[in-house]
Number of protein chains: 2
Amino acid sequence: MPAELGADAGAAWNIVPIARIHSCFAEKFGIPRQPGLVTKSVGTLEMLPPYDRPEMFVGLDRYSHIWIHFLFHGTISEGWRSTVRPPGLGGQKRVGVFASRSPHRPNFLGMSVVRLVAIRNCGKKIFLDLEGIDVLDQTPVFDIKPYLPYSDSIADAAGSAFTTEMREPVEVGFSDQAKVFIQSYQSESGRDLLGLIWQILRQDPRPPSQKGDGREFGMMLWDVNIRWQVQGGGFFVLSCERIKAG
Amino acid sequence: MPAELGADAGAAWNIVPIARIHSCFAEKFGIPRQPGLVTKSVGTLEMLPPYDRPEMFVGLDRYSHIWIHFLFHGTISEGWRSTVRPPGLGGQKRVGVFASRSPHRPNFLGMSVVRLVAIRNCGKKIFLDLEGIDVLDQTPVFDIKPYLPYSDSIADAAGSAFTTEMREPVEVGFSDQAKVFIQSYQSESGRDLLGLIWQILRQDPRPPSQKGDGREFGMMLWDVNIRWQVQGGGFFVLSCERIKAG
C-alpha cells in the first residue's frame, strides 16, 4: 500500500478493489436511479483476497443494510462533466455535478446502501448476498461499511433530486412468449425475473427524451434480453431471449 | 485521469483530491465517533482546481446535508486491521473491520454526512461551510454528493455500532483561566469554542481503557490546547492555551 501518496492533501491516492459485484444488471439501461427503489434487484459481492478472511466480517450479520463504495466503471470512458441533467428532473434542467448523484463525476466514485441478505462462506471464499442494488455487473468495490441509522438516517434532511410528482400505478403486461420464457427461466435459475422486470418497468427506465408511445426498448437482466414498449400508458413485454455469453 | 486503471475489477484505481477540509480538529483525540453527534464542530471545504468552477455547484444549495468522501489520512501510517475494537462497544469486543466504521480499514476511505451551511465564492475560490463534521484538519476529500433522504435515510435499518446505554447528562465546569481565555478567544475569532468543548466532553472522548477519575487529558481544537479531567463524574476544564503554529 503506497502510504506516502495520501500524506499530502493534493496528492493522488491509489485504491484497490476489495470485492467485485455479480449483479443482475448486465448493462446500464434499466438500472434504477437509486438503490432500494427496486428491491428485486439482487447481486452477490465476491470478496477478493486478502480481503476475504472470515474474521473481517465478524459482527456484520447484526446489520440489515450496508454501504458499498464502488467505481462507476461503465462510465469512465465517457468522462466526467461539470454539469448534468438528472433524469429525476425531467432531463431538462442542468445542475452541477456535485449537486447530483450522476456517475459522470470526478473520480467516478459511487456509494449505495443495500440490504445485506446473507454472508456465505463457500470453500475458501466469502460472498455477501445483496438486495436492492443499483450497480452494473462486475463493478469493483473499494469498501463495505455497516449502515448506522443513528448517524446515517437523517429523515428531515431537505432537498431531493427527484420531482415529487407521484406516478399513477402502471400496468405491466406480457406476451405469451415472454410468459412461457419467464416461467421456465425462473424454475431453472431460481431468479425472480418476473418480479424484477415488473419493478424496473414501474420505475419507467426510459430516458426523458424517449417517452413517446410505441418505441421499442431492450434491456439485459442477467443473461436475458428483454424487449418491451409502452402501449397506451402501460408497459408491455414483447419478448425475452437468452443471450449466450460471447 | 488514468481511465484504463479502473476497467478491470481487480486493478487499482487512482483518485485525486477535489477538496481539502479546514477543520476545528487539529488532532485525532476528541473527534466525535460519528458525524452529527457534535453539531458545533465546524469546518470549511476548500475546493481545489479544476473542481472549483461555480457551475459544478449549481443546485447544491437546495440540500441541507451532503456526503463527503474522504481519506483517513491521519491513520495511514498505522496501517489497516482485520479486526477492531469499536469504542462504542466499550473497547473490549472485537469485530471485523467491515462490521465497523473504523479508520483502520483497507483503502482508508471515510464517508460522513454533514450539514451544508453555506456555499461561498471568495475571489476565484469556492468554499463550503460545514457543521457537524468528524474529520481531521487537512483531510483530503474525493467526492461530494447531496444527501437524498428518500434513498439514504433508512430509519428502520437494524444494527448499531454503539451500546444503547444512555449516559446521564454530565456537568462540564471551567476554571477561571479557561473562562477568561474562552471569552476572549471567541470574541476575537468568532468561533464557538465554549459550545464545542461542551459538546465534545458530553460525548466523553476518553478511550475506554482510560476512564478512571483524575487523569489529565489534552486536546487541540483549532489552535487551542485544552487540558481537562474528570472529577466525581463531571468534566472539568483546567486550562486553555493558544499554541502557535510551528
# chains A, B, ... in the order shown; residues from 1 in each chain; ligands from 1

call {"tool": "select_by_dssp", "arguments": {"residues": "range 89-167 of chain B", "states": "strand (DSSP E or B)", "output": "VMD selection string"}}
result
chain B and resid 95 to 96 109 to 122 125 to 131 140 to 146

call {"tool": "write_last_selection", "arguments": {"atoms": "C-alpha atoms", "output": "PDB file, in the first residue's frame"}}
result
ATOM      1  CA  VAL B  95     -15.434  -7.135  15.398  1.00  0.00           C
ATOM      2  CA  GLY B  96     -14.386  -7.451  11.792  1.00  0.00           C
ATOM      3  CA  LEU B 109     -11.804   5.642   2.807  1.00  0.00           C
ATOM      4  CA  GLY B 110     -14.220   7.506   5.043  1.00  0.00           C
ATOM      5  CA  MET B 111     -17.641   8.993   4.482  1.00  0.00           C
ATOM      6  CA  SER B 112     -19.644  11.417   6.587  1.00  0.00           C
ATOM      7  CA  VAL B 113     -22.932  13.179   6.232  1.00  0.00           C
ATOM      8  CA  VAL B 114     -22.605  16.793   7.350  1.00  0.00           C
ATOM      9  CA  ARG B 115     -24.822  19.863   7.362  1.00  0.00           C
ATOM     10  CA  LEU B 116     -24.189  22.240   4.466  1.00  0.00           C
ATOM     11  CA  VAL B 117     -24.346  25.724   5.955  1.00  0.00           C
ATOM     12  CA  ALA B 118     -23.183  27.865   3.044  1.00  0.00           C
ATOM     13  CA  ILE B 119     -21.542  27.831  -0.366  1.00  0.00           C
ATOM     14  CA  ARG B 120     -19.209  30.813  -0.647  1.00  0.00           C
ATOM     15  CA  ASN B 121     -17.439  32.299  -3.639  1.00  0.00           C
ATOM     16  CA  CYS B 122     -14.305  34.072  -2.457  1.00  0.00           C
ATOM     17  CA  LYS B 125     -12.188  30.112  -4.956  1.00  0.00           C
ATOM     18  CA  ILE B 126     -15.199  28.161  -3.708  1.00  0.00           C
ATOM     19  CA  PHE B 127     -15.680  27.203  -0.076  1.00  0.00           C
ATOM     20  CA  LEU B 128     -18.393  25.068   1.515  1.00  0.00           C
ATOM     21  CA  ASP B 129     -19.102  25.776   5.186  1.00  0.00           C
ATOM     22  CA  LEU B 130     -19.998  22.612   7.086  1.00  0.00           C
ATOM     23  CA  GLU B 131     -21.388  21.759  10.509  1.00  0.00           C
ATOM     24  CA  PRO B 140      -8.299  15.215   1.525  1.00  0.00           C
ATOM     25  CA  VAL B 141     -11.785  14.882   0.006  1.00  0.00           C
ATOM     26  CA  PHE B 142     -12.520  12.801  -3.109  1.00  0.00           C
ATOM     27  CA  ASP B 143     -16.216  13.468  -3.656  1.00  0.00           C
ATOM     28  CA  ILE B 144     -19.233  15.476  -2.538  1.00  0.00           C
ATOM     29  CA  LYS B 145     -22.760  14.173  -3.013  1.00  0.00           C
ATOM     30  CA  PRO B 146     -26.151  15.535  -1.970  1.00  0.00           C
TER      31      PRO B 146
END

call {"tool": "residues_around", "arguments": {"residues": "Ile154 in chain B", "least_positions_apart": "4", "cutoff": "9 Å", "atoms": "only C-alpha atoms", "output": "list in words"}}
result
His65, Val113, Tyr147, Pro149, Asp152, Ser153, Ile154 and Ala155 of chain A; Pro149 and Tyr150 of chain B

call {"tool": "interface_residues", "arguments": {"of": "chain B", "to": "chain A", "cutoff": "6 Å", "atoms": "only C-alpha atoms", "output": "PyMOL selection string"}}
result
chain B and resi 9-10+12-17+55-60+62-64+82-83+95-99+107+140+144-146+148-149+153-155+157-160

call {"tool": "residues_around", "arguments": {"residues": "Phe25 in chain A", "least_positions_apart": "3", "cutoff": "8 Å", "atoms": "only C-alpha atoms", "output": "JSON, numbers by chain"}}
result
{"A": [28, 30, 31, 134, 135, 136, 137, 220, 221, 222]}

call {"tool": "write_last_selection", "arguments": {"atoms": "C-alpha atoms", "output": "tab-separated table (two decimals), in the first residue's frame"}}
result
chain	number	residue	atom	x	y	z
A	28	LYS	CA	-26.54	0.34	-17.73
A	30	GLY	CA	-32.67	-0.31	-16.71
A	31	ILE	CA	-30.54	0.26	-13.61
A	134	ASP	CA	-28.32	-0.36	-8.45
A	135	VAL	CA	-24.93	-1.23	-9.90
A	136	LEU	CA	-23.62	-2.86	-13.01
A	137	ASP	CA	-22.30	-6.42	-13.17
A	220	MET	CA	-30.37	-7.07	-20.37
A	221	LEU	CA	-31.13	-8.65	-16.99
A	222	TRP	CA	-28.65	-11.38	-16.14

call {"tool": "residues_around", "arguments": {"residues": "Gly218 in chain A", "least_positions_apart": "5", "cutoff": "8 Å", "atoms": "only C-alpha atoms", "output": "PyMOL selection string"}}
result
chain A and resi 225-228
